[in-house]
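What follows is a single structure, written as structure tokens, with notes after it.
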Amino acid sequence: MSLLELDDLSVTYRIASGEVPAVRGVSLSLDPGAALGVAGESGSGKSSLAMALLRLLPKSTRVGGRILLDGEDILAMKWGRMRAVRWAEASIVFQGAQHGLNPVRRIGEQIAEPLLVHGLAKPDGARKRVAELLEQVGLPAWRARSYPHELSGGQRQRVMIAMALACSPRLIIADEPTTALDVMVQAQVLTLIKELIAEHGISLIMISHDLSVLADVCDQLAVMYAGRVVEHGPSREVFHDARHPYSRALAAAFPTVGDPVSRLAPKGLGGDPPDPMQLPAGCSFHPRCPVAVEECAGLDVELWPAGPRHAAACVHVRTKEEVETS
Ligand SMILES: Nc1ncnc2c1ncn2[C@@H]1O[C@H](COP(=O)(O)OP(=O)(O)OP(=O)(O)O)[C@@H](O)[C@H]1O
């Protein structure tokens with residue numbers, strides 16, 4: 001059975017001028033111990049998806065569909081159960097660790113907090129566990145006495161990872177965990193994440209605009225555009241043999257992990273992603289698509305099989321598969 005299953009997930013923000021459909025009909029699944037990367041430009045809905053998984057969105061937000069964690073419906077959970085699930089079963093590491101840490105509290109206290117709150121350790125046991133966790137993320141135990149400002153950006157991100165690991169969750173959601181870091185430190189933190197998930201059998205959902213980073217860490221990739229998954233499949237296939245023109249542009253923008261020269265806008269892609277409140281008719285990507293045909297302006301193609309575990313929402317994929325199977 002899948003550890004996590006998203007079924008037709010939608011996230012709609014309500015603002016004064018109307019509704020913002022940030023995530024639209026996303027269905028994905030994650031096997032125990034597997035790592036899924038979610039890619040897309042800014043505004044494609046990646047963070048909204050991540051926040052929906054642990055019900056961290058503003059109260060006024062409408063979340064539709066189903067999120068099953070080990071068969072249990074997250075959206076139907078009572079708050080008490082939801083609080084227990086956060087940290088203990090699934091935890092989240094945010095972008096830019098400086099925002100996730102309290103500047104006036106010592107690192108050790110902050111890592112110990114989820115353990116104490118969830119009753120998983122008494123103060124003495126928590127101290128020991130903090131030392132062990134710091135060691136696991138490559139920091140000396142004495143760092144427990146430091147304040148966040150005494151650490152580098154990379155060290156702070158390691159602390160965030162230690163916090164996420166504290167209650168031994170089965171799932172970690174990492175939202176742009178290395179974006180704010182320089183290239184060398186980024187590579188070290190990615191290696192750490194890979195080692196930890198392999199060692200502890202943790203499942204991972206990692207979010208990034210950089211497909212090369214995701215392909216390096218994850219076995220499955222999903223590419224989002226304007227709130228939809230436009231392609232998903234095994235990392236190697238999606239990164240090296242992308243079938244959706246948007247995924248191809250993203251892959252071309254970041255050919256190798258952390259390559260600074262390629263950290264520019266997706267090559268060959270003009271324009272900006274659409275405003276979710278004014279999505280174009282047909283395929284949302286067609287106004288920017290280098291291979292759009294007339295049909296794309298009127299037809300919003302569903303995900304279409306492009307291989308045994310690979311699918312892409314593009315009229316060209318559908319046409320090719322139809323020709324091959326006829
Ligand atoms: N609290 C909010 N209220 C209204 N609209 C929001 C809110 N949060 C996000 N949005 C809108 O939802 C859409 C998706 O945003 P989201 O942050 O999920 O995208 P993203 O892919 O994670 O982008 P980034 O990489 O910049 O974080 C965007 O159009 C954004 O402006």
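How things are named: the first chain in the structure tokens is A, the next is B, and so on; residues count from 1 in each chain; ligands count from 1 in the order shown.
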
Expected selection as an MDAnalysis selection string for ligand 1 within 7 Å, only C-alpha atoms and all ligand atoms: chainID A and resid 13:15 20:22 40:49 58 209 227 275:276

Could the residues in this selection be saved with N, CA and C atoms as a PDB file, in the first residue's frame?
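To be explicit, this is the file written out as part15.pdb:
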```
ATOM      1  N   TYR A  13      -7.364  29.481  -2.605  1.00  0.00           N
ATOM      2  CA  TYR A  13      -7.312  30.572  -1.617  1.00  0.00           C
ATOM      3  C   TYR A  13      -8.474  31.515  -1.880  1.00  0.00           C
ATOM      4  N   ARG A  14      -9.011  32.068  -0.803  1.00  0.00           N
ATOM      5  CA  ARG A  14     -10.058  33.081  -0.971  1.00  0.00           C
ATOM      6  C   ARG A  14      -9.457  34.432  -0.613  1.00  0.00           C
ATOM      7  N   ILE A  15      -9.479  35.332  -1.566  1.00  0.00           N
ATOM      8  CA  ILE A  15      -8.981  36.681  -1.297  1.00  0.00           C
ATOM      9  C   ILE A  15     -10.086  37.683  -1.650  1.00  0.00           C
ATOM     10  N   VAL A  20      -8.373  32.022  -5.733  1.00  0.00           N
ATOM     11  CA  VAL A  20      -7.110  31.702  -6.407  1.00  0.00           C
ATOM     12  C   VAL A  20      -6.950  30.181  -6.438  1.00  0.00           C
ATOM     13  N   PRO A  21      -7.176  29.558  -7.612  1.00  0.00           N
ATOM     14  CA  PRO A  21      -7.012  28.096  -7.669  1.00  0.00           C
ATOM     15  C   PRO A  21      -5.528  27.738  -7.784  1.00  0.00           C
ATOM     16  N   ALA A  22      -4.875  27.498  -6.624  1.00  0.00           N
ATOM     17  CA  ALA A  22      -3.420  27.309  -6.597  1.00  0.00           C
ATOM     18  C   ALA A  22      -3.011  25.878  -6.944  1.00  0.00           C
ATOM     19  N   GLY A  40       8.703  22.894 -10.493  1.00  0.00           N
ATOM     20  CA  GLY A  40       7.872  23.890 -11.169  1.00  0.00           C
ATOM     21  C   GLY A  40       8.396  25.284 -10.857  1.00  0.00           C
ATOM     22  N   GLU A  41       8.052  26.227 -11.726  1.00  0.00           N
ATOM     23  CA  GLU A  41       8.453  27.615 -11.496  1.00  0.00           C
ATOM     24  C   GLU A  41       7.730  28.188 -10.281  1.00  0.00           C
ATOM     25  N   SER A  42       8.163  29.382  -9.895  1.00  0.00           N
ATOM     26  CA  SER A  42       7.495  30.089  -8.816  1.00  0.00           C
ATOM     27  C   SER A  42       6.010  30.285  -9.166  1.00  0.00           C
ATOM     28  N   GLY A  43       5.140  29.997  -8.218  1.00  0.00           N
ATOM     29  CA  GLY A  43       3.715  30.208  -8.443  1.00  0.00           C
ATOM     30  C   GLY A  43       2.993  29.001  -9.019  1.00  0.00           C
ATOM     31  N   SER A  44       3.720  27.883  -9.229  1.00  0.00           N
ATOM     32  CA  SER A  44       3.069  26.735  -9.852  1.00  0.00           C
ATOM     33  C   SER A  44       2.216  25.938  -8.858  1.00  0.00           C
ATOM     34  N   GLY A  45       2.352  26.247  -7.557  1.00  0.00           N
ATOM     35  CA  GLY A  45       1.488  25.593  -6.568  1.00  0.00           C
ATOM     36  C   GLY A  45       2.204  24.581  -5.691  1.00  0.00           C
ATOM     37  N   LYS A  46       3.527  24.513  -5.801  1.00  0.00           N
ATOM     38  CA  LYS A  46       4.292  23.496  -5.059  1.00  0.00           C
ATOM     39  C   LYS A  46       4.132  23.651  -3.545  1.00  0.00           C
ATOM     40  N   SER A  47       4.332  24.885  -3.057  1.00  0.00           N
ATOM     41  CA  SER A  47       4.254  25.091  -1.599  1.00  0.00           C
ATOM     42  C   SER A  47       2.825  24.898  -1.100  1.00  0.00           C
ATOM     43  N   SER A  48       1.850  25.328  -1.895  1.00  0.00           N
ATOM     44  CA  SER A  48       0.449  25.139  -1.478  1.00  0.00           C
ATOM     45  C   SER A  48       0.164  23.650  -1.314  1.00  0.00           C
ATOM     46  N   LEU A  49       0.698  22.844  -2.223  1.00  0.00           N
ATOM     47  CA  LEU A  49       0.525  21.393  -2.140  1.00  0.00           C
ATOM     48  C   LEU A  49       1.173  20.867  -0.853  1.00  0.00           C
ATOM     49  N   PRO A  58      -3.885  28.728   5.527  1.00  0.00           N
ATOM     50  CA  PRO A  58      -4.812  29.609   6.259  1.00  0.00           C
ATOM     51  C   PRO A  58      -6.212  29.004   6.314  1.00  0.00           C
ATOM     52  N   HIS A 209      12.389  24.322  -7.616  1.00  0.00           N
ATOM     53  CA  HIS A 209      12.209  24.760  -8.997  1.00  0.00           C
ATOM     54  C   HIS A 209      13.308  24.131  -9.854  1.00  0.00           C
ATOM     55  N   GLY A 227      -0.681  24.972 -11.175  1.00  0.00           N
ATOM     56  CA  GLY A 227      -1.490  24.203 -10.236  1.00  0.00           C
ATOM     57  C   GLY A 227      -1.768  22.766 -10.615  1.00  0.00           C
ATOM     58  N   ASP A 275      -1.428  34.009 -14.403  1.00  0.00           N
ATOM     59  CA  ASP A 275      -2.094  34.368 -13.157  1.00  0.00           C
ATOM     60  C   ASP A 275      -3.169  33.303 -12.919  1.00  0.00           C
ATOM     61  N   PRO A 276      -3.151  32.623 -11.757  1.00  0.00           N
ATOM     62  CA  PRO A 276      -4.137  31.550 -11.560  1.00  0.00           C
ATOM     63  C   PRO A 276      -5.580  32.031 -11.642  1.00  0.00           C
TER      64      PRO A 276
END
```

Contact residues around A:Ile74 with only C-alpha atoms at 10 Å, ignoring same-chain residues under 4 positions, as JSON, numbers by chain: {"A": [52, 53, 54, 55, 66, 67, 68, 69, 70, 78, 79, 81, 82, 85]}

Given the choices A:Ile207, A:Leu101, A:Ile92, A:Ala16, which gets closest to A:Glu176 if the distance is worked out from only C-alpha atoms?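 Answer, going by the shortest atom-to-atom distance: A:Ile207.
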
What parts of stretch 61-227 of chain A does DSSP call strand (DSSP E or B)? I'd like the answer as a ChimeraX atom specification. /A:62-69,72-73,90-93,171-175,203-208,220-225

Could you write out the selected residues, including N, CA and C atoms, as a compact mmCIF listing (two decimals), in the first residue's frame?
```txt
# COMPACT_ATOMS: atom_id res chain seq x y z
N ARG A 62 -9.81 26.72 0.82
CA ARG A 62 -10.62 25.53 0.55
C ARG A 62 -9.72 24.42 0.00
N VAL A 63 -9.73 23.28 0.67
CA VAL A 63 -8.92 22.15 0.20
C VAL A 63 -9.87 21.03 -0.17
N GLY A 64 -9.78 20.57 -1.42
CA GLY A 64 -10.69 19.52 -1.88
C GLY A 64 -9.92 18.26 -2.24
N GLY A 65 -10.65 17.17 -2.45
CA GLY A 65 -10.02 15.90 -2.79
C GLY A 65 -9.67 15.12 -1.53
N ARG A 66 -8.72 14.18 -1.67
CA ARG A 66 -8.36 13.35 -0.51
C ARG A 66 -6.85 13.25 -0.37
N ILE A 67 -6.40 13.24 0.89
CA ILE A 67 -4.98 13.02 1.19
C ILE A 67 -4.95 11.85 2.16
N LEU A 68 -4.49 10.70 1.70
CA LEU A 68 -4.45 9.53 2.57
C LEU A 68 -3.02 9.27 3.02
N LEU A 69 -2.79 9.31 4.34
CA LEU A 69 -1.48 8.97 4.89
C LEU A 69 -1.65 7.61 5.55
N GLU A 72 -5.14 6.77 6.18
CA GLU A 72 -5.94 7.66 7.04
C GLU A 72 -6.14 9.00 6.33
N ASP A 73 -7.37 9.49 6.32
CA ASP A 73 -7.69 10.71 5.56
C ASP A 73 -7.30 11.96 6.36
N ALA A 90 4.74 12.83 10.05
CA ALA A 90 5.20 13.55 8.87
C ALA A 90 5.66 14.93 9.31
N SER A 91 6.85 15.31 8.88
CA SER A 91 7.33 16.64 9.29
C SER A 91 7.82 17.39 8.07
N ILE A 92 8.00 18.69 8.24
CA ILE A 92 8.28 19.54 7.09
C ILE A 92 9.53 20.39 7.35
N VAL A 93 10.37 20.51 6.33
CA VAL A 93 11.55 21.39 6.40
C VAL A 93 11.32 22.49 5.38
N LEU A 171 7.52 10.21 7.02
CA LEU A 171 7.53 11.07 5.83
C LEU A 171 8.14 12.42 6.18
N ILE A 172 9.06 12.90 5.34
CA ILE A 172 9.55 14.27 5.48
C ILE A 172 9.20 15.03 4.21
N ILE A 173 8.66 16.23 4.40
CA ILE A 173 8.36 17.10 3.26
C ILE A 173 9.40 18.22 3.31
N ALA A 174 10.20 18.35 2.27
CA ALA A 174 11.26 19.36 2.27
C ALA A 174 10.95 20.37 1.18
N ASP A 175 10.61 21.61 1.58
CA ASP A 175 10.21 22.65 0.62
C ASP A 175 11.41 23.54 0.33
N SER A 203 10.32 8.20 3.85
CA SER A 203 9.84 8.66 2.54
C SER A 203 10.02 10.17 2.47
N LEU A 204 10.23 10.66 1.26
CA LEU A 204 10.52 12.10 1.12
C LEU A 204 9.69 12.69 0.00
N ILE A 205 9.15 13.88 0.28
CA ILE A 205 8.61 14.71 -0.81
C ILE A 205 9.47 15.95 -0.82
N MET A 206 10.17 16.16 -1.91
CA MET A 206 11.05 17.32 -1.97
C MET A 206 10.58 18.26 -3.06
N ILE A 207 10.53 19.54 -2.71
CA ILE A 207 10.00 20.55 -3.62
C ILE A 207 11.12 21.47 -4.07
N SER A 208 11.20 21.74 -5.36
CA SER A 208 12.22 22.66 -5.85
C SER A 208 11.83 23.16 -7.23
N GLN A 220 11.23 9.47 -8.10
CA GLN A 220 10.09 9.86 -8.94
C GLN A 220 10.03 11.38 -9.02
N LEU A 221 9.56 11.90 -10.15
CA LEU A 221 9.41 13.35 -10.28
C LEU A 221 8.00 13.69 -10.75
N ALA A 222 7.48 14.81 -10.23
CA ALA A 222 6.23 15.37 -10.75
C ALA A 222 6.52 16.82 -11.10
N VAL A 223 6.09 17.24 -12.29
CA VAL A 223 6.31 18.62 -12.71
C VAL A 223 4.98 19.35 -12.68
N MET A 224 4.95 20.49 -11.98
CA MET A 224 3.69 21.25 -11.87
C MET A 224 3.75 22.51 -12.71
N TYR A 225 2.62 22.83 -13.32
CA TYR A 225 2.47 24.10 -14.04
C TYR A 225 1.06 24.61 -13.77
```

Top pick for closest residue to A:Ala311, considering A:Ala121, A:Val230, A:Val291, A:Val23 and counting only C-alpha atoms: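 For A:Ala311, the nearest of the candidates is A:Val230.
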
Residue set, stretch 19-206 of chain A restricted to alpha helix (DSSP H), as a PyMOL selection string: chain A and resi 46-53+79-88+97-100+107-117+123-136+153-165+183-200

Which polymer residues have any atom within 10 Å of an atom of A:His286, counting only C-alpha atoms, with same-chain residues fewer than 2 positions away left out, as a list in words? Pro245, Tyr246, Pro280, Ala281, Gly282, Cys283, Ser284, Arg288, Cys289, Pro290, Val291, Ala292, Val293, Glu294, Glu295, Cys296, Ala297, Gly298, Leu299, Asp300 and Cys314 of chain A

Residues as selected, N, CA and C atoms, written as an mmCIF file, in the first residue's frame, can you do that?
```
data_model
loop_
_atom_site.group_PDB
_atom_site.id
_atom_site.type_symbol
_atom_site.label_atom_id
_atom_site.label_comp_id
_atom_site.auth_asym_id
_atom_site.auth_seq_id
_atom_site.Cartn_x
_atom_site.Cartn_y
_atom_site.Cartn_z
ATOM 1 N N PRO A 245 6.648 19.660 -23.037
ATOM 2 C CA PRO A 245 7.590 20.726 -23.400
ATOM 3 C C PRO A 245 7.986 21.610 -22.218
ATOM 4 N N TYR A 246 7.102 21.737 -21.223
ATOM 5 C CA TYR A 246 7.465 22.537 -20.050
ATOM 6 C C TYR A 246 8.544 21.826 -19.226
ATOM 7 N N PRO A 280 -5.363 30.777 -19.080
ATOM 8 C CA PRO A 280 -5.781 30.723 -20.481
ATOM 9 C C PRO A 280 -6.663 29.502 -20.742
ATOM 10 N N ALA A 281 -7.509 29.598 -21.744
ATOM 11 C CA ALA A 281 -8.339 28.435 -22.104
ATOM 12 C C ALA A 281 -7.433 27.347 -22.675
ATOM 13 N N GLY A 282 -7.923 26.111 -22.714
ATOM 14 C CA GLY A 282 -7.142 25.008 -23.257
ATOM 15 C C GLY A 282 -6.010 24.634 -22.320
ATOM 16 N N CYS A 283 -4.875 24.231 -22.876
ATOM 17 C CA CYS A 283 -3.704 23.898 -22.058
ATOM 18 C C CYS A 283 -3.138 25.202 -21.502
ATOM 19 N N SER A 284 -2.965 25.264 -20.168
ATOM 20 C CA SER A 284 -2.511 26.522 -19.541
ATOM 21 C C SER A 284 -1.148 26.955 -20.054
ATOM 22 N N ARG A 288 2.952 29.879 -23.994
ATOM 23 C CA ARG A 288 4.420 29.928 -23.899
ATOM 24 C C ARG A 288 5.071 28.743 -24.590
ATOM 25 N N CYS A 289 4.264 27.855 -25.117
ATOM 26 C CA CYS A 289 4.798 26.565 -25.575
ATOM 27 C C CYS A 289 5.434 26.685 -26.963
ATOM 28 N N PRO A 290 6.689 26.214 -27.100
ATOM 29 C CA PRO A 290 7.347 26.312 -28.410
ATOM 30 C C PRO A 290 6.767 25.352 -29.452
ATOM 31 N N VAL A 291 6.004 24.356 -29.029
ATOM 32 C CA VAL A 291 5.485 23.381 -29.997
ATOM 33 C C VAL A 291 3.948 23.334 -30.005
ATOM 34 N N ALA A 292 3.335 24.423 -29.545
ATOM 35 C CA ALA A 292 1.858 24.442 -29.478
ATOM 36 C C ALA A 292 1.265 24.371 -30.884
ATOM 37 N N VAL A 293 0.145 23.676 -30.994
ATOM 38 C CA VAL A 293 -0.611 23.630 -32.250
ATOM 39 C C VAL A 293 -2.006 24.205 -31.949
ATOM 40 N N GLU A 294 -2.773 24.390 -32.993
ATOM 41 C CA GLU A 294 -4.071 25.062 -32.844
ATOM 42 C C GLU A 294 -4.938 24.422 -31.752
ATOM 43 N N GLU A 295 -4.916 23.096 -31.722
ATOM 44 C CA GLU A 295 -5.752 22.330 -30.792
ATOM 45 C C GLU A 295 -5.494 22.716 -29.324
ATOM 46 N N CYS A 296 -4.254 23.104 -29.022
ATOM 47 C CA CYS A 296 -3.863 23.343 -27.622
ATOM 48 C C CYS A 296 -4.623 24.508 -26.997
ATOM 49 N N ALA A 297 -5.097 25.440 -27.815
ATOM 50 C CA ALA A 297 -5.811 26.606 -27.291
ATOM 51 C C ALA A 297 -7.222 26.238 -26.823
ATOM 52 N N GLY A 298 -7.719 25.060 -27.247
ATOM 53 C CA GLY A 298 -9.086 24.715 -26.901
ATOM 54 C C GLY A 298 -9.195 23.473 -26.039
ATOM 55 N N LEU A 299 -8.116 22.701 -25.955
ATOM 56 C CA LEU A 299 -8.212 21.390 -25.308
ATOM 57 C C LEU A 299 -7.232 21.291 -24.146
ATOM 58 N N ASP A 300 -7.761 21.060 -22.938
ATOM 59 C CA ASP A 300 -6.896 20.887 -21.770
ATOM 60 C C ASP A 300 -6.666 19.386 -21.606
ATOM 61 N N CYS A 314 0.089 16.360 -22.545
ATOM 62 C CA CYS A 314 0.408 17.142 -23.742
ATOM 63 C C CYS A 314 -0.218 16.459 -24.952
#
```

Between atom CA of A:Lys59 and atom CA of A:Thr12, what is the distance in Å, rounded to a tenth?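 Going from atom CA of A:Lys59 over to atom CA of A:Thr12 covers 11.2 Å.
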